[in-house]
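Chemist: One structure is given below, represented as structure tokens, and several questions about it will come after.
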Amino acid sequence: MLEGDEKEKSAAEHSLITEATNYILLAAGVPHHFRPYIDCLIAVANGRFKFQASDKEIQAQAKFRRVEDNEKSKVNKQWAKDYRNNLYAWQVKNSFTLFDHKAGGIDKNNQKFKSTFTLYLPKYVEEVLDEAKKDILWGIRRSDAIKNAAQNLVSKFQAQPPLVTNKQSRKRIPPDRVETYLITVRTNLQMAEAIYKKWGDFKLQRDKEKLIDEIEKLLASIKARGFYDDPLDGYIFDLAENADDYKVAANRYDDTD
């Protein structure tokens, strides 16, 4: 339990973090209706940069956080999923990443695993406060120093061109989509194998051998494309106006900085 100076210091730090968060979201132009979901993400993260959580766990936080009256009726079983998708689409379009999300699924042992989130906002808050403390205004008008630092942070991101620039921005980039399809294939094959184990010794018709051969060829073709280990070696994709598919906007990330 905090007492005396420690309690006062903790309250002051919390106040600075809240103020920096508010100015960052304001400078980035994050729509106000996303704030309850962002607060829920922060609560579930509990100080962690990367964490695993389900939409259900994130949504549960909405019961303990201040949600406007016109939003309370929308906190149903789809609330977290819808807000996650909509906020992700917004941040891609506006070149300002608040979080990353990797979908959960079923592993090779047929065990479910939760989605993985990477929350960048606390890192931004830390950077903003560090920069604000260097500002001469820190000792005079602290709020102005934090506001200026937040605007500078956001400007660095928004000076970059958006990764996706049209109405189809909610589509996931190609590597993510391929990964999702592969996970689905693995899940279906695991289910097929489970049927064999459950129902004993039976065989498929011979014409299904061709189907299995086609699956093996497709997997070999995907595997032949190769892999990369460093995220900086990944591709940047853009979705052209009214295009049916993604196009490569730049060959590689620029890691010269």
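Residues in the structure tokens are numbered from 1 in each chain, the chains being A, B, ... in the order shown, and ligands are numbered from 1 in the order shown.
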Enumerate the residues of stretch 30-238 of chain A with a DSSP assignment of helix (DSSP H, G or I), computed from the backbone, and present them as a PyMOL selection string.

Modeler: chain A and resi 32-45+55-64+69-72+79-93+121-132+136-139+142-158+174-199+208-224+231-233

Chemist: Can you tell me, as number ranges by chain, what residues are no more than 9 Å from A:Leu98 when counting only C-alpha atoms, ignoring any on the same chain fewer than 4 positions away?

Modeler: A: 38, 87-88, 91, 118-121, 124

Chemist: Fewer than 5 positions away in the same chain doesn't count, so skip those; otherwise give me all residues within 12 Å of A:Arg142, counting only C-alpha atoms, as a list in words.

Modeler: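 Near neighbours after the sequence-gap exclusion: Ser15, Leu16, Glu19, Ala20, Leu129, Glu131, Ala132, Lys133, Lys134, Asp135, Ile136, Leu137, Lys147, Asn148 and Ala149 of chain A.
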
Chemist: Export, as a compact mmCIF listing (two decimals), in the first residue's frame, the selected residues with C-alpha atoms.

Modeler:
```
# COMPACT_ATOMS: atom_id res chain seq x y z
CA SER A 15 -1.67 12.25 -14.20
CA LEU A 16 1.27 12.86 -16.57
CA GLU A 19 -2.25 13.84 -20.09
CA ALA A 20 0.36 12.56 -22.56
CA LEU A 129 7.26 12.70 -21.60
CA GLU A 131 10.98 14.96 -24.82
CA ALA A 132 8.63 17.26 -22.92
CA LYS A 133 11.00 17.31 -19.93
CA LYS A 134 13.72 18.71 -22.21
CA ASP A 135 11.46 21.58 -23.26
CA ILE A 136 12.00 24.90 -21.50
CA LEU A 137 8.23 25.05 -21.04
CA LYS A 147 1.28 18.93 -26.08
CA ASN A 148 4.21 20.08 -28.25
CA ALA A 149 6.06 16.79 -27.77
```

Chemist: Hey, can you check how far atom CA of A:Asn110 sits from atom CA of A:Gln205?

Modeler: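 One can read the atom CA of A:Asn110 to atom CA of A:Gln205 distance as 26.4 Å.
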
Chemist: Of the candidates A:Asn22, A:Glu179, A:Lys203, A:Arg48, which shows the shortest atom-to-atom distance to A:Gln151, using only C-alpha atoms?

Modeler: A:Asn22

Chemist: Provide the atom CA of A:Lys56 to atom CA of A:Lys81 distance in Å, to one decimal place.

Modeler: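 Between these atoms lies a distance of 8.8 Å.
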
Chemist: Tell me which protein, DNA and RNA residues are within 12 Å of A:Asp39, counting only C-alpha atoms, leaving out same-chain ones fewer than 5 positions away, and put them as a list in words.

Modeler: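 These residues fall inside the cut-off: Thr18, Thr21, Asn22, Leu25, His32, His33, Phe34, Val44, Ala45, Asn46, Ile58, Gln59, Ala60, Gln61, Ala62, Lys63, Phe64, Arg65, Arg66, Val67, Ala80, Tyr83, Leu98, Leu119, Leu121 and Pro122 of chain A.
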
Chemist: If we count only C-alpha atoms, what is near A:Val178 at a cut-off of 12 Å, once residues fewer than 6 positions away on the same chain are taken out, given as a VMD selection string?

Modeler: chain A and resid 172 184 to 185 219 222 to 223

Chemist: Create the file for the chosen residues now, containing N, CA and C atoms and written as a PDB file, in the first residue's frame.

Modeler:
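Final file, out_27.pdb:
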```pdb
ATOM      1  N   ARG A 172      -6.377  -7.143 -45.000  1.00  0.00           N
ATOM      2  CA  ARG A 172      -5.078  -7.392 -44.380  1.00  0.00           C
ATOM      3  C   ARG A 172      -4.025  -7.511 -45.469  1.00  0.00           C
ATOM      4  N   THR A 184      -5.743 -22.048 -41.346  1.00  0.00           N
ATOM      5  CA  THR A 184      -7.020 -22.701 -41.608  1.00  0.00           C
ATOM      6  C   THR A 184      -6.815 -24.083 -42.221  1.00  0.00           C
ATOM      7  N   VAL A 185      -5.879 -24.171 -43.180  1.00  0.00           N
ATOM      8  CA  VAL A 185      -5.570 -25.465 -43.808  1.00  0.00           C
ATOM      9  C   VAL A 185      -5.082 -26.459 -42.756  1.00  0.00           C
ATOM     10  N   LEU A 219       1.465 -26.412 -51.311  1.00  0.00           N
ATOM     11  CA  LEU A 219       2.312 -26.146 -50.158  1.00  0.00           C
ATOM     12  C   LEU A 219       3.775 -26.009 -50.576  1.00  0.00           C
ATOM     13  N   ILE A 222       4.281 -22.571 -52.163  1.00  0.00           N
ATOM     14  CA  ILE A 222       4.331 -21.498 -51.163  1.00  0.00           C
ATOM     15  C   ILE A 222       5.664 -21.536 -50.420  1.00  0.00           C
ATOM     16  N   LYS A 223       6.107 -22.724 -50.059  1.00  0.00           N
ATOM     17  CA  LYS A 223       7.368 -22.877 -49.329  1.00  0.00           C
ATOM     18  C   LYS A 223       8.549 -22.428 -50.173  1.00  0.00           C
TER      19      LYS A 223
END
```

Chemist: Can you tell me, as an MDAnalysis selection string, what residues are no more than 10 Å from A:Phe96 when counting only C-alpha atoms, ignoring any on the same chain fewer than 6 positions away?

Modeler: chainID A and resid 25 28:30 88 90 154:158 160 162

Chemist: Separation of atom CA of A:Lys217 and atom CA of A:Gln111, in Å?

Modeler: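 Atom-to-atom, atom CA of A:Lys217 and atom CA of A:Gln111 are spaced 27.2 Å apart.
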
Chemist: Got a sec: who's within 9 Å of A:Phe117, counting only C-alpha atoms, leaving out chain neighbours fewer than 2 positions off, as a PyMOL selection string?

Modeler: chain A and resi 41+45+49-53+99-103+115+119

Chemist: If you keep C-alpha atoms, can you produce a file of those selected residues as a short mmCIF file (atom, residue, chain, number, x, y, z; two decimals), in the first residue's frame?

Modeler:
```cif
data_model
loop_
_atom_site.label_atom_id
_atom_site.label_comp_id
_atom_site.auth_asym_id
_atom_site.auth_seq_id
_atom_site.Cartn_x
_atom_site.Cartn_y
_atom_site.Cartn_z
CA LEU A 41 -6.35 -2.54 -24.33
CA ALA A 45 -1.82 -5.06 -21.26
CA PHE A 49 4.43 -4.25 -24.55
CA LYS A 50 3.31 -7.58 -26.06
CA PHE A 51 0.59 -9.75 -24.56
CA GLN A 52 -1.93 -12.44 -25.38
CA ALA A 53 -5.63 -11.84 -24.91
CA PHE A 99 -1.31 -1.56 -31.82
CA ASP A 100 -0.61 -4.67 -33.84
CA HIS A 101 -2.70 -7.81 -33.74
CA LYS A 102 -1.94 -11.39 -34.68
CA ALA A 103 -4.96 -13.67 -34.68
CA SER A 115 -4.47 -13.51 -30.15
CA LEU A 119 0.63 -2.10 -27.81
#
```

Chemist: My list of candidates is A:Ala145, A:Leu153, A:Ala220, A:Ile106. Which is closest to A:Ile183 when distances are computed with only C-alpha atoms?

Modeler: A:Ile106

Chemist: Apply DSSP to the structure's backbone, then extract all residues of stretch 18-214 of chain A labelled strand (DSSP E) and return them as a VMD selection string.

Modeler: chain A and resid 50 to 53 99 to 102 105 to 106 112 to 113 115 to 119

Chemist: Can I get the selected residues back with C-alpha atoms, as a PDB file, in the first residue's frame?

Modeler:
```
ATOM      1  CA  LYS A  50       3.306  -7.580 -26.057  1.00  0.00           C
ATOM      2  CA  PHE A  51       0.589  -9.748 -24.556  1.00  0.00           C
ATOM      3  CA  GLN A  52      -1.932 -12.440 -25.381  1.00  0.00           C
ATOM      4  CA  ALA A  53      -5.631 -11.836 -24.908  1.00  0.00           C
ATOM      5  CA  PHE A  99      -1.309  -1.556 -31.823  1.00  0.00           C
ATOM      6  CA  ASP A 100      -0.611  -4.669 -33.845  1.00  0.00           C
ATOM      7  CA  HIS A 101      -2.696  -7.808 -33.745  1.00  0.00           C
ATOM      8  CA  LYS A 102      -1.939 -11.394 -34.678  1.00  0.00           C
ATOM      9  CA  GLY A 105      -6.006 -20.166 -33.553  1.00  0.00           C
ATOM     10  CA  ILE A 106      -5.203 -23.826 -32.986  1.00  0.00           C
ATOM     11  CA  LYS A 112      -6.334 -23.160 -28.847  1.00  0.00           C
ATOM     12  CA  PHE A 113      -4.119 -20.101 -28.359  1.00  0.00           C
ATOM     13  CA  SER A 115      -4.469 -13.513 -30.153  1.00  0.00           C
ATOM     14  CA  THR A 116      -1.200 -11.652 -29.661  1.00  0.00           C
ATOM     15  CA  PHE A 117      -1.318  -7.873 -29.274  1.00  0.00           C
ATOM     16  CA  THR A 118       1.566  -5.412 -29.433  1.00  0.00           C
ATOM     17  CA  LEU A 119       0.631  -2.101 -27.806  1.00  0.00           C
TER      18      LEU A 119
END
```
